[in-house]
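Coordinates from upload.json are shown below (JSON, C-alpha atoms).
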[["chain", "number", "residue", "atom", "x", "y", "z"],
["A", 1, "MET", "CA", 100.53, -48.96, 135.29],
["A", 2, "LYS", "CA", 101.16, -49.00, 139.06],
["A", 3, "THR", "CA", 103.33, -46.15, 140.37],
["A", 4, "LYS", "CA", 106.60, -47.35, 141.81],
["A", 5, "ASN", "CA", 106.38, -47.99, 145.57],
["A", 6, "LYS", "CA", 102.62, -47.39, 145.59],
["A", 7, "LYS", "CA", 100.85, -50.29, 147.26],
["A", 8, "SER", "CA", 98.06, -52.11, 145.48],
["A", 9, "LYS", "CA", 94.57, -52.44, 146.96],
["A", 10, "GLY", "CA", 95.34, -56.04, 147.87],
["A", 11, "GLU", "CA", 98.59, -55.07, 149.61],
["A", 12, "LEU", "CA", 96.81, -52.37, 151.59],
["A", 13, "THR", "CA", 94.11, -54.83, 152.62],
["A", 14, "ALA", "CA", 96.70, -57.40, 153.72],
["A", 15, "GLU", "CA", 98.44, -54.70, 155.74],
["A", 16, "ARG", "CA", 95.17, -53.80, 157.49],
["A", 17, "ILE", "CA", 94.62, -57.45, 158.31],
["A", 18, "LEU", "CA", 98.13, -57.78, 159.74],
["A", 19, "ASP", "CA", 97.70, -54.61, 161.82],
["A", 20, "ALA", "CA", 94.41, -55.85, 163.25],
["A", 21, "ALA", "CA", 95.76, -59.34, 163.90],
["A", 22, "GLU", "CA", 98.90, -58.04, 165.61],
["A", 23, "ASP", "CA", 96.92, -55.92, 168.06],
["A", 24, "LEU", "CA", 94.34, -58.62, 168.81],
["A", 25, "PHE", "CA", 96.86, -61.42, 169.23],
["A", 26, "ALA", "CA", 98.80, -59.24, 171.65],
["A", 27, "ALA", "CA", 95.72, -58.24, 173.64],
["A", 28, "GLN", "CA", 93.83, -61.55, 173.65],
["A", 29, "GLY", "CA", 96.34, -64.24, 172.76],
["A", 30, "TYR", "CA", 96.31, -66.59, 169.80],
["A", 31, "GLN", "CA", 93.64, -68.91, 171.18],
["A", 32, "GLY", "CA", 91.46, -66.03, 172.34],
["A", 33, "THR", "CA", 91.38, -64.30, 168.96],
["A", 34, "SER", "CA", 89.10, -65.35, 166.11],
["A", 35, "LEU", "CA", 89.40, -64.66, 162.42],
["A", 36, "ARG", "CA", 85.96, -63.07, 162.60],
["A", 37, "GLU", "CA", 87.25, -60.47, 165.09],
["A", 38, "ILE", "CA", 90.29, -59.78, 162.93],
["A", 39, "ALA", "CA", 88.09, -59.32, 159.87],
["A", 40, "GLN", "CA", 85.82, -56.90, 161.75],
["A", 41, "ILE", "CA", 88.72, -54.72, 162.85],
["A", 42, "ALA", "CA", 90.24, -54.86, 159.35],
["A", 43, "LYS", "CA", 86.83, -53.86, 157.93],
["A", 44, "ILE", "CA", 86.46, -56.81, 155.57],
["A", 45, "ARG", "CA", 84.30, -59.92, 155.51],
["A", 46, "GLU", "CA", 85.80, -63.01, 157.10],
["A", 47, "PRO", "CA", 85.97, -64.99, 153.80],
["A", 48, "GLY", "CA", 88.05, -62.14, 152.39],
["A", 49, "LEU", "CA", 90.86, -63.06, 154.79],
["A", 50, "TYR", "CA", 91.46, -66.23, 152.82],
["A", 51, "ASN", "CA", 92.37, -64.20, 149.76],
["A", 52, "HIS", "CA", 95.50, -63.18, 151.63],
["A", 53, "PHE", "CA", 96.19, -65.86, 154.26],
["A", 54, "GLN", "CA", 95.53, -69.59, 154.35],
["A", 55, "GLY", "CA", 94.25, -69.51, 157.89],
["A", 56, "LYS", "CA", 94.86, -68.36, 161.44],
["A", 57, "GLN", "CA", 98.28, -70.00, 161.80],
["A", 58, "ASP", "CA", 99.47, -68.58, 158.48],
["A", 59, "LEU", "CA", 98.27, -65.13, 159.53],
["A", 60, "TYR", "CA", 100.02, -65.39, 162.90],
["A", 61, "SER", "CA", 103.22, -66.47, 161.19],
["A", 62, "ALA", "CA", 102.96, -63.48, 158.84],
["A", 63, "VAL", "CA", 102.50, -61.12, 161.80],
["A", 64, "LEU", "CA", 105.70, -62.46, 163.35],
["A", 65, "ASP", "CA", 107.64, -62.37, 160.10],
["A", 66, "ARG", "CA", 106.68, -58.77, 159.35],
["A", 67, "ALA", "CA", 107.93, -57.55, 162.73],
["A", 68, "LEU", "CA", 110.79, -59.91, 163.51],
["A", 69, "SER", "CA", 112.52, -60.28, 160.15],
["A", 70, "PRO", "CA", 113.77, -56.66, 160.36],
["A", 71, "MET", "CA", 115.08, -57.35, 163.88],
["A", 72, "ALA", "CA", 116.98, -60.45, 162.81],
["A", 73, "GLN", "CA", 118.35, -58.61, 159.77],
["A", 74, "ALA", "CA", 119.41, -55.62, 161.87],
["A", 75, "MET", "CA", 121.29, -57.89, 164.26],
["A", 76, "GLU", "CA", 122.98, -59.67, 161.38],
["A", 77, "VAL", "CA", 124.04, -56.38, 159.79],
["A", 78, "HIS", "CA", 125.54, -55.21, 163.08],
["A", 79, "LEU", "CA", 127.39, -58.49, 163.55],
["A", 80, "ASN", "CA", 128.80, -58.33, 160.04],
["A", 81, "ASN", "CA", 129.57, -54.63, 159.77],
["A", 82, "ALA", "CA", 130.21, -53.22, 163.22],
["A", 83, "SER", "CA", 133.83, -52.16, 163.50],
["A", 84, "SER", "CA", 133.81, -50.62, 166.95],
["A", 85, "TYR", "CA", 132.57, -51.30, 170.46],
["A", 86, "LYS", "CA", 130.14, -48.37, 170.18],
["A", 87, "GLU", "CA", 128.47, -49.85, 167.10],
["A", 88, "TYR", "CA", 127.91, -53.15, 168.90],
["A", 89, "ALA", "CA", 126.59, -51.38, 171.99],
["A", 90, "ASP", "CA", 124.16, -49.36, 169.85],
["A", 91, "LEU", "CA", 122.29, -52.51, 168.80],
["A", 92, "PRO", "CA", 119.72, -52.32, 171.66],
["A", 93, "MET", "CA", 118.81, -48.82, 170.44],
["A", 94, "VAL", "CA", 118.23, -50.19, 166.94],
["A", 95, "MET", "CA", 116.02, -52.93, 168.39],
["A", 96, "THR", "CA", 114.07, -50.32, 170.35],
["A", 97, "ASP", "CA", 113.37, -48.36, 167.16],
["A", 98, "LEU", "CA", 112.09, -51.52, 165.47],
["A", 99, "LEU", "CA", 109.82, -52.32, 168.41],
["A", 100, "ILE", "CA", 108.34, -48.82, 168.24],
["A", 101, "GLU", "CA", 106.90, -49.88, 164.88],
["A", 102, "HIS", "CA", 105.53, -53.14, 166.35],
["A", 103, "PRO", "CA", 105.20, -52.69, 170.14],
["A", 104, "ALA", "CA", 102.71, -55.57, 170.35],
["A", 105, "MET", "CA", 105.61, -57.96, 169.80],
["A", 106, "ALA", "CA", 106.67, -57.44, 173.42],
["A", 107, "SER", "CA", 103.37, -58.93, 174.57],
["A", 108, "LEU", "CA", 103.61, -61.84, 172.13],
["A", 109, "PHE", "CA", 107.13, -62.58, 173.41],
["A", 110, "GLN", "CA", 105.91, -62.77, 176.99],
["A", 111, "GLN", "CA", 102.94, -64.95, 176.08],
["A", 112, "ALA", "CA", 105.24, -67.42, 174.35],
["A", 113, "LEU", "CA", 107.83, -67.51, 177.13],
["A", 114, "GLN", "CA", 105.20, -68.16, 179.79],
["A", 115, "GLY", "CA", 102.87, -70.43, 177.83],
["A", 116, "ASP", "CA", 102.82, -74.04, 176.69],
["A", 117, "LYS", "CA", 105.90, -74.55, 174.51],
["A", 118, "SER", "CA", 104.04, -77.08, 172.35],
["A", 119, "ALA", "CA", 101.22, -74.67, 171.40],
["A", 120, "VAL", "CA", 101.47, -73.61, 167.77],
["A", 121, "ASP", "CA", 101.64, -69.88, 168.51],
["A", 122, "ASN", "CA", 104.24, -70.24, 171.24],
["A", 123, "ARG", "CA", 106.28, -72.60, 169.10],
["A", 124, "LEU", "CA", 106.38, -70.07, 166.26],
["A", 125, "VAL", "CA", 107.43, -67.22, 168.56],
["A", 126, "ASN", "CA", 110.03, -69.34, 170.33],
["A", 127, "GLN", "CA", 111.60, -70.24, 167.00],
["A", 128, "TRP", "CA", 112.10, -66.54, 166.35],
["A", 129, "LEU", "CA", 113.33, -65.89, 169.88],
["A", 130, "GLY", "CA", 115.83, -68.72, 169.54],
["A", 131, "ARG", "CA", 117.22, -67.03, 166.44],
["A", 132, "LEU", "CA", 117.39, -63.61, 168.11],
["A", 133, "PHE", "CA", 118.96, -64.99, 171.29],
["A", 134, "THR", "CA", 121.58, -66.85, 169.26],
["A", 135, "GLN", "CA", 122.46, -63.62, 167.47],
["A", 136, "GLY", "CA", 122.67, -61.86, 170.84],
["A", 137, "LYS", "CA", 125.11, -64.51, 172.04],
["A", 138, "GLN", "CA", 127.19, -63.98, 168.91],
["A", 139, "THR", "CA", 127.29, -60.26, 169.69],
["A", 140, "LEU", "CA", 128.74, -60.94, 173.13],
["A", 141, "GLU", "CA", 131.27, -63.31, 171.59],
["A", 142, "ALA", "CA", 132.23, -60.69, 169.00],
["A", 143, "LEU", "CA", 132.88, -58.23, 171.82],
["A", 144, "GLY", "CA", 135.45, -60.63, 173.19],
["A", 145, "ASN", "CA", 133.79, -61.11, 176.58],
["A", 146, "SER", "CA", 132.65, -64.69, 176.14],
["A", 147, "ASP", "CA", 135.94, -66.24, 177.28],
["A", 148, "GLU", "CA", 135.65, -64.38, 180.58],
["A", 149, "LEU", "CA", 131.99, -65.25, 181.15],
["A", 150, "ALA", "CA", 130.50, -68.56, 182.16],
["A", 151, "VAL", "CA", 127.68, -69.90, 179.99],
["A", 152, "GLU", "CA", 125.24, -68.98, 182.74],
["A", 153, "ASP", "CA", 126.60, -65.42, 182.84],
["A", 154, "VAL", "CA", 126.13, -65.04, 179.09],
["A", 155, "ALA", "CA", 122.54, -66.30, 179.45],
["A", 156, "VAL", "CA", 121.84, -63.80, 182.24],
["A", 157, "HIS", "CA", 123.31, -60.94, 180.16],
["A", 158, "ILE", "CA", 121.11, -61.83, 177.16],
["A", 159, "ILE", "CA", 117.98, -62.21, 179.28],
["A", 160, "ALA", "CA", 118.65, -58.88, 180.99],
["A", 161, "MET", "CA", 119.09, -57.07, 177.67],
["A", 162, "PHE", "CA", 115.97, -58.72, 176.27],
["A", 163, "ASN", "CA", 113.89, -57.70, 179.28],
["A", 164, "LEU", "CA", 115.25, -54.15, 179.28],
["A", 165, "ILE", "CA", 114.30, -53.67, 175.64],
["A", 166, "THR", "CA", 110.94, -55.47, 175.50],
["A", 167, "GLY", "CA", 109.74, -54.85, 179.05],
["A", 168, "TYR", "CA", 109.63, -51.12, 178.42],
["A", 169, "PHE", "CA", 106.81, -51.57, 175.90],
["A", 170, "LEU", "CA", 104.73, -53.50, 178.44],
["A", 171, "SER", "CA", 104.86, -50.76, 181.05],
["A", 172, "GLN", "CA", 102.38, -48.10, 179.91],
["A", 173, "ARG", "CA", 100.16, -48.57, 182.97],
["A", 174, "VAL", "CA", 103.13, -48.35, 185.33],
["A", 175, "PHE", "CA", 104.28, -45.20, 183.55],
["A", 176, "GLU", "CA", 100.84, -43.63, 183.96],
["A", 177, "THR", "CA", 101.02, -44.37, 187.70],
["A", 178, "LEU", "CA", 104.40, -42.67, 188.01],
["A", 179, "ALA", "CA", 104.09, -39.90, 185.42],
["A", 180, "GLU", "CA", 101.87, -38.74, 182.56],
["A", 181, "GLY", "CA", 101.82, -39.23, 178.81],
["A", 182, "ASP", "CA", 102.58, -41.96, 176.32],
["A", 183, "ILE", "CA", 105.50, -44.26, 177.01],
["A", 184, "LYS", "CA", 106.10, -44.43, 173.24],
["A", 185, "SER", "CA", 106.38, -40.65, 172.77],
["A", 186, "PRO", "CA", 109.66, -39.45, 171.19],
["A", 187, "GLU", "CA", 110.70, -37.79, 174.45],
["A", 188, "ASN", "CA", 110.17, -40.92, 176.54],
["A", 189, "ILE", "CA", 111.80, -43.17, 173.96],
["A", 190, "ALA", "CA", 114.84, -40.87, 174.09],
["A", 191, "ARG", "CA", 114.91, -41.29, 177.87],
["A", 192, "GLN", "CA", 114.70, -45.07, 177.51],
["A", 193, "LYS", "CA", 117.55, -45.07, 175.00],
["A", 194, "ARG", "CA", 119.77, -43.01, 177.28],
["A", 195, "LEU", "CA", 119.13, -45.45, 180.10],
["A", 196, "LEU", "CA", 119.68, -48.43, 177.81],
["A", 197, "SER", "CA", 122.97, -47.01, 176.62],
["A", 198, "ARG", "CA", 124.28, -46.62, 180.16],
["A", 199, "VAL", "CA", 123.10, -50.04, 181.33],
["A", 200, "ILE", "CA", 124.22, -51.97, 178.25],
["A", 201, "ARG", "CA", 127.70, -50.43, 178.29],
["A", 202, "THR", "CA", 128.06, -51.30, 181.96],
["A", 203, "MET", "CA", 126.93, -54.87, 181.34],
["A", 204, "LEU", "CA", 129.29, -55.41, 178.40],
["A", 205, "VAL", "CA", 132.40, -54.22, 180.21],
["A", 206, "SER", "CA", 131.66, -55.96, 183.52]]

What's the structure tokens form of this structure?
Amino acid sequence: MKTKNKKSKGELTAERILDAAEDLFAAQGYQGTSLREIAQIAKIREPGLYNHFQGKQDLYSAVLDRALSPMAQAMEVHLNNASSYKEYADLPMVMTDLLIEHPAMASLFQQALQGDKSAVDNRLVNQWLGRLFTQGKQTLEALGNSDELAVEDVAVHIIAMFNLITGYFLSQRVFETLAEGDIKSPENIARQKRLLSRVIRTMLVS
């Protein structure tokens, strides 16, 4: 009998596949990554991938779902349960914590936003981004600022928040030029959150 919360061998293998796929898709893009490469990194034979995923598109979709479902759920919880301005303004910090677990998503976001919108990978990411951006718009509306802001202003606010949160995880090389260490270290994440808090609060009251 399987111990509660203990993952099965199949679940652990699927998780290894997802980890490998996430990193390779982020580094090389959807088109530039093969199932053979993913299998090699995951330390299984390529045919073994099909025991867990129907193919490359299904695997890519699973990578997105694993990382972005918690983000969408976190935004929904905040929209439904936040009872104060502070709780709404804390949402970017929650999103930062979720991206720490899947920092490669920042790269996938940028690939999708800059690539061909009709490509299967970009289409899948943009569907998720559309959902997240809509929830971000609802957050601004819940704060009561939407009546004072033009549609274009709301768009600029959302884009700015998105870039502040995701752009950080794309900046390791810049960080190494300016300082030392890992941009994802607890100390540097704390610095990013302090900056985010100040900037977001200023944006939401302006």

Selection near Gly167 in chain A, 12 Å with only C-alpha atoms, sequence-local residues under 6 positions removed, as an MDAnalysis selection string: chainID A and resid 96 99 103:110 159:161 174:175 183 192 196

Within 8 Å of range 67-80 of chain A using all atoms listed in the file, minus same-chain residues under 3 positions, as number ranges by chain: A: 63-64, 87-88, 91, 94-95, 98-99, 102, 105, 128, 131-132, 135-136, 138-139, 142

Coordinates-based distance that separates CA of Gly48 in chain A from CA of Ala26 in chain A (Å, one decimal): 22.2 Å

Residue among A:Ala89, A:Ala179, A:Leu12, A:Ile100 lying closest to His52 in chain A, counting only C-alpha atoms: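 When distances to His52 in chain A are compared using only C-alpha atoms, the smallest one comes from A:Leu12.
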
Residue with smallest distance to Lys193 in chain A - pool A:Thr13, A:Thr33, A:Ile165, A:Leu170, counting only C-alpha atoms: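 Nearest to Lys193 in chain A: A:Ile165.
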
Contacts of Tyr60 in chain A within 9 Å, all atoms listed in the file, excl. fewer than 4 positions in-chain, as a list of chain:residue names: A:Leu18, A:Ala21, A:Glu22, A:Phe25, A:Tyr30, A:Gly55, A:Lys56, A:Leu64, A:Asp65, A:Asp121, A:Leu124

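Each of A:Ser34, A:Lys43, A:Leu195, A:Ile200 was compared to Ile17 in chain A using all atoms listed in the file, and A:Lys43 turns out to be the nearest.
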
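Nearest residue to Ile158 in chain A among A:Ser197, A:Ser171, A:Thr134, A:Asn51 is A:Thr134, counting all atoms listed in the file.
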
For range 49-60 of chain A, what centre and edge lengths in Å (one decimal) does the axis-aligned box get once 5 Å is added on each side of all its listed atoms, as lines of an AutoDock Vina configuration file?
center_x = 95.4
center_y = -66.5
center_z = 156.3
size_x = 19.2
size_y = 16.9
size_z = 23.1

For CA of Ala190 in chain A and CA of Gln172 in chain A, the interatomic separation in Å (one decimal):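 Taking CA of Ala190 in chain A and CA of Gln172 in chain A, their separation equals 15.5 Å.
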
Among the residues A:Pro92, A:Gln127, A:Lys184, A:Met203, the one that comes closest to Val156 in chain A [using all atoms listed in the file]: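 Selected residue with least distance to Val156 in chain A: A:Met203.
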